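Colleague: This is the structure, below, for whatever I ask next.
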Amino acid sequence: EVAGLTLGADLARLATVQAVRAIHLGDLDEGILSLDRAHAYRRVGAEDVARTQYAFAAPAVELLTERIVNDRLAGPLVSGLLDAVQASPRDMFVGNAWERVMTILRETDAQSEFSWQHQFFLEADPLATSLGSIAVVTGQLLDLRMVPPRILRFTGPDRPDLEITSSGTSVTVQADLRDDALEDSAELAELFAVAADADTGTIIASSPCTVGHGMVSALLQVGTDTDRLHYMLISADTDIDAIRLDPTGVAVAQIDRFCRYAWTMHRTAGALRFGVGASSTGADIDNSSLAAEQAELTATDAMSTAVGLVRQLARRTRRGPDGEAIAGYSAAVQRLAEHMEERSMPTGTLEPTLAELVELT
């Protein structure tokens, strides 16, 4: 909501989906996320963009439909997938795939939600496992704003992503890929590594990355004391002016990591609550509530850390050239914290995306 204006429901839903795409740290199915995007774009009338996303999504939809049959999934995931596929153009699917998928989803949606609840409540939350927990460590942290989402392994907001190996005046920087990352993807092929003076942020070396054996790496010739350097991976299309490797920029990147982690866990809690169906038993509801509460506690801890860090940064920079910008950033972080105090089941435009629900199965 800005200056008395409020986004319509369809635009607000598109904003939610785009936020999940850009910020969510979980191992989301990118094909199903394309379906979420296609469905949202079509609702706002962006038909050409929607068709492109539907084309990306079609193979993933068929694979997910097979999983629904094989794993006997039901409930909100199936009903949401049914709505999205029903709204999609039939010619985006090969042959009679659209009709076959629709038949399966209609039949499954009419059945009991028991299978969904069994899968949903009895297994550990995969996001909580894959994202790790908050820990105080030393090392080099990625600025997540500078790299494509969900390609590099993330184990916690304060756990180092980069392994640094020094040899004389050369440094090897490497980071692990996520298990489902495609090593021949254009996004990985366009990654660069940079090294900068840790005090001034001045970039002194850069090198394209190579990809292989489940990791991305680069060799940097720094020609100076490697102890006084900070490193970063960036996309080829990154605005050079947006790169901040001075102490203030590094601090903002760390705060951003805690915010993203907190928001991801908050969304996870909402998805857990959303999975409770009309036929859920009391035990099902209790289990879901407990899992959601655990995710919310993790989110609260991370958000509390972010608020504390940004307040410290605001005090430290208030008399400097970054003072006004950091004050505004601090206010934004505080608003995010206030938003996340709401712990009810998400509804309307804030409902979980299909990709988020799939991640919980």
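Ordering of the structure tokens sets the chain letters (A, B, ...); residue numbers start at 1 within each chain; ligands are numbered from 1 in the order shown.
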I'd like to know which residues of region 123-263 of chain A are strand (DSSP E) (by DSSP, run on the backbone); could you write them as a ChimeraX atom specification?

Modeller: /A:163-167,170-176,191-197,203-208,210-212,215-221,229-235

Colleague: Can you list, as a ChimeraX atom specification, every residue of region 169-329 of chain A that DSSP puts in helix (DSSP H, G or I)?

Modeller: /A:186-189,226-228,240-242,247-274,282-317,323-329

Colleague: With distances taken over only C-alpha atoms, which residue among A:Val333, A:Leu350, A:Leu162, A:Ala55 lies nearest Gln18 (chain A)?

Modeller: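 Of the candidates, the smallest distance to Gln18 (chain A) is held by A:Leu350.
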
Colleague: Find the residues of region 51-92 of chain A that sit at most 10 Å from region 24-45 of chain A; for each, write down the nearest two atoms and how far apart they are in Å, to one decimal. Count only C-alpha atoms. Sort by chain, then by number going up, and give it as a tab-separated table.

Modeller:
residue	atom	partner	partner_atom	distance
A:Arg51	CA	A:Ala38	CA	6.8
A:Thr52	CA	A:Ala38	CA	7.7
A:Gln53	CA	A:Ala38	CA	5.0
A:Tyr54	CA	A:Ala38	CA	5.6
A:Ala55	CA	A:Ser34	CA	8.7
A:Phe56	CA	A:Gly31	CA	6.2
A:Ala57	CA	A:Gly31	CA	4.6
A:Ala58	CA	A:Gly31	CA	7.7
A:Pro59	CA	A:Gly31	CA	7.6
A:Ala60	CA	A:Gly31	CA	5.1
A:Val61	CA	A:Ile32	CA	6.7
A:Leu63	CA	A:Gly31	CA	9.9
A:Leu64	CA	A:Ile32	CA	8.4
A:Gly80	CA	A:Asp36	CA	9.8
A:Leu81	CA	A:Leu35	CA	8.9
A:Asp83	CA	A:His39	CA	9.1
A:Ala84	CA	A:His39	CA	6.0
A:Val85	CA	A:Leu35	CA	8.3
A:Gln86	CA	A:His39	CA	9.9
A:Ala87	CA	A:His39	CA	7.2
A:Ser88	CA	A:His39	CA	7.3

Colleague: Store the residues picked out above in a file with N, CA, C and O atoms, as an mmCIF file, in the first residue's frame.

Modeller:
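Wrote part_12.cif, looks like this:
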data_model
loop_
_atom_site.group_PDB
_atom_site.id
_atom_site.type_symbol
_atom_site.label_atom_id
_atom_site.label_comp_id
_atom_site.auth_asym_id
_atom_site.auth_seq_id
_atom_site.Cartn_x
_atom_site.Cartn_y
_atom_site.Cartn_z
ATOM 1 N N ARG A 51 2.519 -17.369 -21.258
ATOM 2 C CA ARG A 51 2.722 -18.521 -22.140
ATOM 3 C C ARG A 51 4.163 -19.024 -22.068
ATOM 4 O O ARG A 51 4.408 -20.232 -22.105
ATOM 5 N N THR A 52 5.106 -18.112 -21.968
ATOM 6 C CA THR A 52 6.505 -18.530 -21.832
ATOM 7 C C THR A 52 6.705 -19.345 -20.565
ATOM 8 O O THR A 52 7.362 -20.393 -20.570
ATOM 9 N N GLN A 53 6.121 -18.887 -19.469
ATOM 10 C CA GLN A 53 6.260 -19.599 -18.202
ATOM 11 C C GLN A 53 5.500 -20.928 -18.217
ATOM 12 O O GLN A 53 5.959 -21.916 -17.641
ATOM 13 N N TYR A 54 4.348 -20.963 -18.878
ATOM 14 C CA TYR A 54 3.619 -22.230 -19.008
ATOM 15 C C TYR A 54 4.465 -23.264 -19.751
ATOM 16 O O TYR A 54 4.467 -24.454 -19.409
ATOM 17 N N ALA A 55 5.175 -22.810 -20.790
ATOM 18 C CA ALA A 55 6.022 -23.732 -21.555
ATOM 19 C C ALA A 55 7.121 -24.322 -20.676
ATOM 20 O O ALA A 55 7.440 -25.516 -20.768
ATOM 21 N N PHE A 56 7.712 -23.487 -19.805
ATOM 22 C CA PHE A 56 8.721 -23.990 -18.874
ATOM 23 C C PHE A 56 8.106 -24.963 -17.870
ATOM 24 O O PHE A 56 8.749 -25.922 -17.437
ATOM 25 N N ALA A 57 6.852 -24.708 -17.499
ATOM 26 C CA ALA A 57 6.227 -25.454 -16.409
ATOM 27 C C ALA A 57 5.669 -26.806 -16.829
ATOM 28 O O ALA A 57 5.582 -27.726 -16.003
ATOM 29 N N ALA A 58 5.275 -26.955 -18.090
ATOM 30 C CA ALA A 58 4.529 -28.141 -18.517
ATOM 31 C C ALA A 58 5.203 -29.467 -18.143
ATOM 32 O O ALA A 58 4.547 -30.361 -17.585
ATOM 33 N N PRO A 59 6.503 -29.658 -18.409
ATOM 34 C CA PRO A 59 7.120 -30.940 -18.022
ATOM 35 C C PRO A 59 7.078 -31.183 -16.515
ATOM 36 O O PRO A 59 6.862 -32.315 -16.068
ATOM 37 N N ALA A 60 7.276 -30.128 -15.724
ATOM 38 C CA ALA A 60 7.245 -30.279 -14.269
ATOM 39 C C ALA A 60 5.849 -30.639 -13.783
ATOM 40 O O ALA A 60 5.690 -31.400 -12.818
ATOM 41 N N VAL A 61 4.825 -30.099 -14.438
ATOM 42 C CA VAL A 61 3.445 -30.420 -14.064
ATOM 43 C C VAL A 61 3.172 -31.906 -14.280
ATOM 44 O O VAL A 61 2.556 -32.574 -13.434
ATOM 45 N N LEU A 63 5.385 -34.352 -14.300
ATOM 46 C CA LEU A 63 6.139 -35.112 -13.299
ATOM 47 C C LEU A 63 5.467 -35.041 -11.934
ATOM 48 O O LEU A 63 5.387 -36.046 -11.208
ATOM 49 N N LEU A 64 4.982 -33.856 -11.566
ATOM 50 C CA LEU A 64 4.313 -33.713 -10.276
ATOM 51 C C LEU A 64 3.023 -34.521 -10.248
ATOM 52 O O LEU A 64 2.679 -35.124 -9.217
ATOM 53 N N GLY A 80 -4.902 -26.757 -5.675
ATOM 54 C CA GLY A 80 -4.231 -25.599 -6.256
ATOM 55 C C GLY A 80 -3.660 -25.899 -7.627
ATOM 56 O O GLY A 80 -3.738 -25.071 -8.546
ATOM 57 N N LEU A 81 -3.079 -27.084 -7.781
ATOM 58 C CA LEU A 81 -2.541 -27.481 -9.078
ATOM 59 C C LEU A 81 -3.662 -27.620 -10.101
ATOM 60 O O LEU A 81 -3.515 -27.217 -11.265
ATOM 61 N N ASP A 83 -6.481 -25.951 -10.200
ATOM 62 C CA ASP A 83 -6.890 -24.606 -10.616
ATOM 63 C C ASP A 83 -5.906 -24.015 -11.626
ATOM 64 O O ASP A 83 -6.309 -23.404 -12.624
ATOM 65 N N ALA A 84 -4.607 -24.190 -11.353
ATOM 66 C CA ALA A 84 -3.590 -23.595 -12.222
ATOM 67 C C ALA A 84 -3.565 -24.257 -13.593
ATOM 68 O O ALA A 84 -3.453 -23.582 -14.625
ATOM 69 N N VAL A 85 -3.669 -25.582 -13.626
ATOM 70 C CA VAL A 85 -3.645 -26.289 -14.915
ATOM 71 C C VAL A 85 -4.915 -26.002 -15.703
ATOM 72 O O VAL A 85 -4.881 -25.827 -16.929
ATOM 73 N N GLN A 86 -6.037 -25.928 -15.015
ATOM 74 C CA GLN A 86 -7.301 -25.649 -15.698
ATOM 75 C C GLN A 86 -7.263 -24.288 -16.393
ATOM 76 O O GLN A 86 -7.879 -24.108 -17.450
ATOM 77 N N ALA A 87 -6.526 -23.349 -15.819
ATOM 78 C CA ALA A 87 -6.430 -22.010 -16.407
ATOM 79 C C ALA A 87 -5.361 -21.914 -17.485
ATOM 80 O O ALA A 87 -5.236 -20.879 -18.141
ATOM 81 N N SER A 88 -4.590 -22.972 -17.685
ATOM 82 C CA SER A 88 -3.465 -22.920 -18.619
ATOM 83 C C SER A 88 -3.905 -23.268 -20.039
ATOM 84 O O SER A 88 -4.887 -23.990 -20.238
#

Colleague: Pick out the residues sitting within 7 Å of Ser206 (chain A), and hand them over as a list in words; count only C-alpha atoms, and ignore anything fewer than 4 positions along from it in its own chain.

Modeller: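 Surrounding residues, per the criterion: Phe192, Ala193, Val194, Ala195 and Leu220 of chain A.
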
Colleague: Residues of the last selection are to be written out with all heavy atoms, as a tab-separated table (two decimals), in the first residue's frame.

Modeller:
chain	number	residue	atom	x	y	z
A	192	PHE	N	30.77	-14.63	-11.84
A	192	PHE	CA	32.13	-14.13	-11.67
A	192	PHE	C	32.46	-14.08	-10.19
A	192	PHE	O	31.57	-13.95	-9.34
A	192	PHE	CB	32.25	-12.71	-12.24
A	192	PHE	CG	32.50	-12.66	-13.72
A	192	PHE	CD1	31.48	-12.94	-14.62
A	192	PHE	CD2	33.74	-12.33	-14.23
A	192	PHE	CE1	31.68	-12.90	-15.98
A	192	PHE	CE2	33.97	-12.28	-15.59
A	192	PHE	CZ	32.95	-12.56	-16.48
A	193	ALA	N	33.75	-14.17	-9.88
A	193	ALA	CA	34.23	-13.94	-8.52
A	193	ALA	C	35.01	-12.64	-8.51
A	193	ALA	O	35.72	-12.32	-9.47
A	193	ALA	CB	35.12	-15.09	-8.06
A	194	VAL	N	34.86	-11.88	-7.43
A	194	VAL	CA	35.62	-10.64	-7.28
A	194	VAL	C	36.26	-10.62	-5.91
A	194	VAL	O	35.77	-11.23	-4.96
A	194	VAL	CB	34.73	-9.38	-7.47
A	194	VAL	CG1	34.14	-9.34	-8.86
A	194	VAL	CG2	33.63	-9.33	-6.42
A	195	ALA	N	37.38	-9.90	-5.82
A	195	ALA	CA	38.05	-9.66	-4.54
A	195	ALA	C	38.18	-8.16	-4.36
A	195	ALA	O	38.43	-7.42	-5.32
A	195	ALA	CB	39.43	-10.32	-4.53
A	220	LEU	N	41.67	-16.29	-8.39
A	220	LEU	CA	41.89	-14.84	-8.43
A	220	LEU	C	43.36	-14.53	-8.15
A	220	LEU	O	43.94	-15.06	-7.20
A	220	LEU	CB	41.03	-14.15	-7.37
A	220	LEU	CG	39.51	-14.23	-7.56
A	220	LEU	CD1	38.79	-13.86	-6.28
A	220	LEU	CD2	39.08	-13.31	-8.69

Colleague: Looking at A:Asp197, A:Asp71, A:Asp301, A:Asp161, which one is nearest to Pro247 (chain A), with distances taken over only C-alpha atoms?

Modeller: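 Counting only C-alpha atoms, the residue closest to Pro247 (chain A) is A:Asp197.
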
Colleague: So, counting only C-alpha atoms, which residue among A:Gly308, A:Gly328, A:Gly201, A:Gly320 is closest to Arg244 (chain A)?

Modeller: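 Going through A:Gly308, A:Gly328, A:Gly201, A:Gly320 one by one, the smallest distance to Arg244 (chain A) is for A:Gly201.
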
Colleague: What gap, in Å, lies between CA of Pro148 (chain A) and CA of Ala299 (chain A)?

Modeller: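 So the answer is 22.5 Å.
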
Colleague: Mind checking which residues fall within 8 Å of Val310 (chain A), counting only C-alpha atoms, ignoring those fewer than 3 positions away in the same chain, and posting them as number ranges by chain?

Modeller: A: 252, 255, 306-307, 313-314, 329-330, 333

Colleague: Near region 208-212 of chain A, counting only C-alpha atoms, which residues have an atom at most 6 Å away, once you skip same-chain residues fewer than 3 positions from it, shown as a PyMOL selection string?

Modeller: chain A and resi 191-192+215-218

Colleague: Write out as an NGL selection string the residues lying within 10 Å of Thr305 (chain A), counting only C-alpha atoms and excluding same-chain residues fewer than 6 positions away.

Modeller: :A and (134 or 255 or 258-259 or 262 or 299 or 311)

Colleague: Now that the selection is made, can you save its residues with all heavy atoms as a PDB file, in the first residue's frame?

Modeller:
ATOM      1  N   ILE A 134      20.704 -21.096  12.803  1.00  0.00           N
ATOM      2  CA  ILE A 134      21.559 -19.934  13.010  1.00  0.00           C
ATOM      3  C   ILE A 134      22.755 -20.325  13.866  1.00  0.00           C
ATOM      4  O   ILE A 134      22.618 -20.966  14.896  1.00  0.00           O
ATOM      5  CB  ILE A 134      20.763 -18.812  13.690  1.00  0.00           C
ATOM      6  CG1 ILE A 134      19.616 -18.379  12.774  1.00  0.00           C
ATOM      7  CG2 ILE A 134      21.644 -17.632  14.030  1.00  0.00           C
ATOM      8  CD1 ILE A 134      18.655 -17.434  13.429  1.00  0.00           C
ATOM      9  N   ILE A 255      22.766  -8.589   7.088  1.00  0.00           N
ATOM     10  CA  ILE A 255      21.404  -8.330   7.566  1.00  0.00           C
ATOM     11  C   ILE A 255      20.386  -8.888   6.576  1.00  0.00           C
ATOM     12  O   ILE A 255      19.385  -9.504   6.963  1.00  0.00           O
ATOM     13  CB  ILE A 255      21.199  -6.817   7.770  1.00  0.00           C
ATOM     14  CG1 ILE A 255      22.104  -6.311   8.897  1.00  0.00           C
ATOM     15  CG2 ILE A 255      19.736  -6.497   8.077  1.00  0.00           C
ATOM     16  CD1 ILE A 255      22.275  -4.803   8.919  1.00  0.00           C
ATOM     17  N   PHE A 258      19.786 -12.608   7.026  1.00  0.00           N
ATOM     18  CA  PHE A 258      18.890 -12.939   8.134  1.00  0.00           C
ATOM     19  C   PHE A 258      17.440 -12.625   7.782  1.00  0.00           C
ATOM     20  O   PHE A 258      16.527 -13.369   8.151  1.00  0.00           O
ATOM     21  CB  PHE A 258      19.314 -12.187   9.399  1.00  0.00           C
ATOM     22  CG  PHE A 258      20.411 -12.859  10.161  1.00  0.00           C
ATOM     23  CD1 PHE A 258      21.722 -12.442  10.021  1.00  0.00           C
ATOM     24  CD2 PHE A 258      20.143 -13.924  11.007  1.00  0.00           C
ATOM     25  CE1 PHE A 258      22.752 -13.066  10.716  1.00  0.00           C
ATOM     26  CE2 PHE A 258      21.154 -14.557  11.712  1.00  0.00           C
ATOM     27  CZ  PHE A 258      22.467 -14.127  11.563  1.00  0.00           C
ATOM     28  N   CYS A 259      17.222 -11.526   7.061  1.00  0.00           N
ATOM     29  CA  CYS A 259      15.857 -11.177   6.656  1.00  0.00           C
ATOM     30  C   CYS A 259      15.285 -12.227   5.710  1.00  0.00           C
ATOM     31  O   CYS A 259      14.126 -12.649   5.851  1.00  0.00           O
ATOM     32  CB  CYS A 259      15.840  -9.805   5.982  1.00  0.00           C
ATOM     33  SG  CYS A 259      16.115  -8.409   7.099  1.00  0.00           S
ATOM     34  N   ALA A 262      14.557 -15.415   7.685  1.00  0.00           N
ATOM     35  CA  ALA A 262      13.371 -15.248   8.530  1.00  0.00           C
ATOM     36  C   ALA A 262      12.098 -15.284   7.695  1.00  0.00           C
ATOM     37  O   ALA A 262      11.115 -15.942   8.055  1.00  0.00           O
ATOM     38  CB  ALA A 262      13.468 -13.924   9.296  1.00  0.00           C
ATOM     39  N   ALA A 299      12.016 -18.185  12.622  1.00  0.00           N
ATOM     40  CA  ALA A 299      11.880 -16.915  11.911  1.00  0.00           C
ATOM     41  C   ALA A 299      12.032 -15.733  12.857  1.00  0.00           C
ATOM     42  O   ALA A 299      12.705 -14.740  12.540  1.00  0.00           O
ATOM     43  CB  ALA A 299      10.525 -16.859  11.203  1.00  0.00           C
ATOM     44  N   ARG A 311      20.085  -1.970  13.653  1.00  0.00           N
ATOM     45  CA  ARG A 311      20.113  -0.843  14.591  1.00  0.00           C
ATOM     46  C   ARG A 311      21.549  -0.452  14.919  1.00  0.00           C
ATOM     47  O   ARG A 311      21.880   0.741  14.993  1.00  0.00           O
ATOM     48  CB  ARG A 311      19.349  -1.210  15.864  1.00  0.00           C
ATOM     49  CG  ARG A 311      17.834  -1.210  15.694  1.00  0.00           C
ATOM     50  CD  ARG A 311      17.136  -1.691  16.949  1.00  0.00           C
ATOM     51  NE  ARG A 311      15.680  -1.610  16.814  1.00  0.00           N
ATOM     52  CZ  ARG A 311      14.822  -2.132  17.674  1.00  0.00           C
ATOM     53  NH1 ARG A 311      15.277  -2.774  18.756  1.00  0.00           N
ATOM     54  NH2 ARG A 311      13.526  -2.019  17.480  1.00  0.00           N
TER      55      ARG A 311
END

Colleague: Name the residues in contact with Met303 (chain A) at a cut-off of 12 Å, using only C-alpha atoms, excluding same-chain residues fewer than 6 positions from it; report them as a count of residues only.

Modeller: 28

Colleague: Given the choices A:Ser235, A:Ser79, A:Thr169, A:Ser185, which gets closest to Ala205 (chain A) if the distance is worked out from only C-alpha atoms?

Modeller: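 Closest to Ala205 (chain A) of all the choices is A:Thr169.
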
Colleague: Which is closer to Ile234 (chain A) than all the others in A:Val171, A:Leu188, A:Leu182, A:Ala251, using only C-alpha atoms?

Modeller: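 Of A:Val171, A:Leu188, A:Leu182, A:Ala251, the one nearest Ile234 (chain A), counting only C-alpha atoms, is A:Leu188.
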
Colleague: Name the closest residue to Ala236 (chain A) among the candidates A:Glu293, A:Asp176, A:Glu187, A:Asp322; distances are taken between atoms, counting only C-alpha atoms.

Modeller: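 Under the stated criterion, the closest residue is A:Glu187.
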
Colleague: Between CA of Asp199 (chain A) and CA of Arg228 (chain A), what is the distance in Å, rounded to a tenth?

Modeller: 7.7 Å
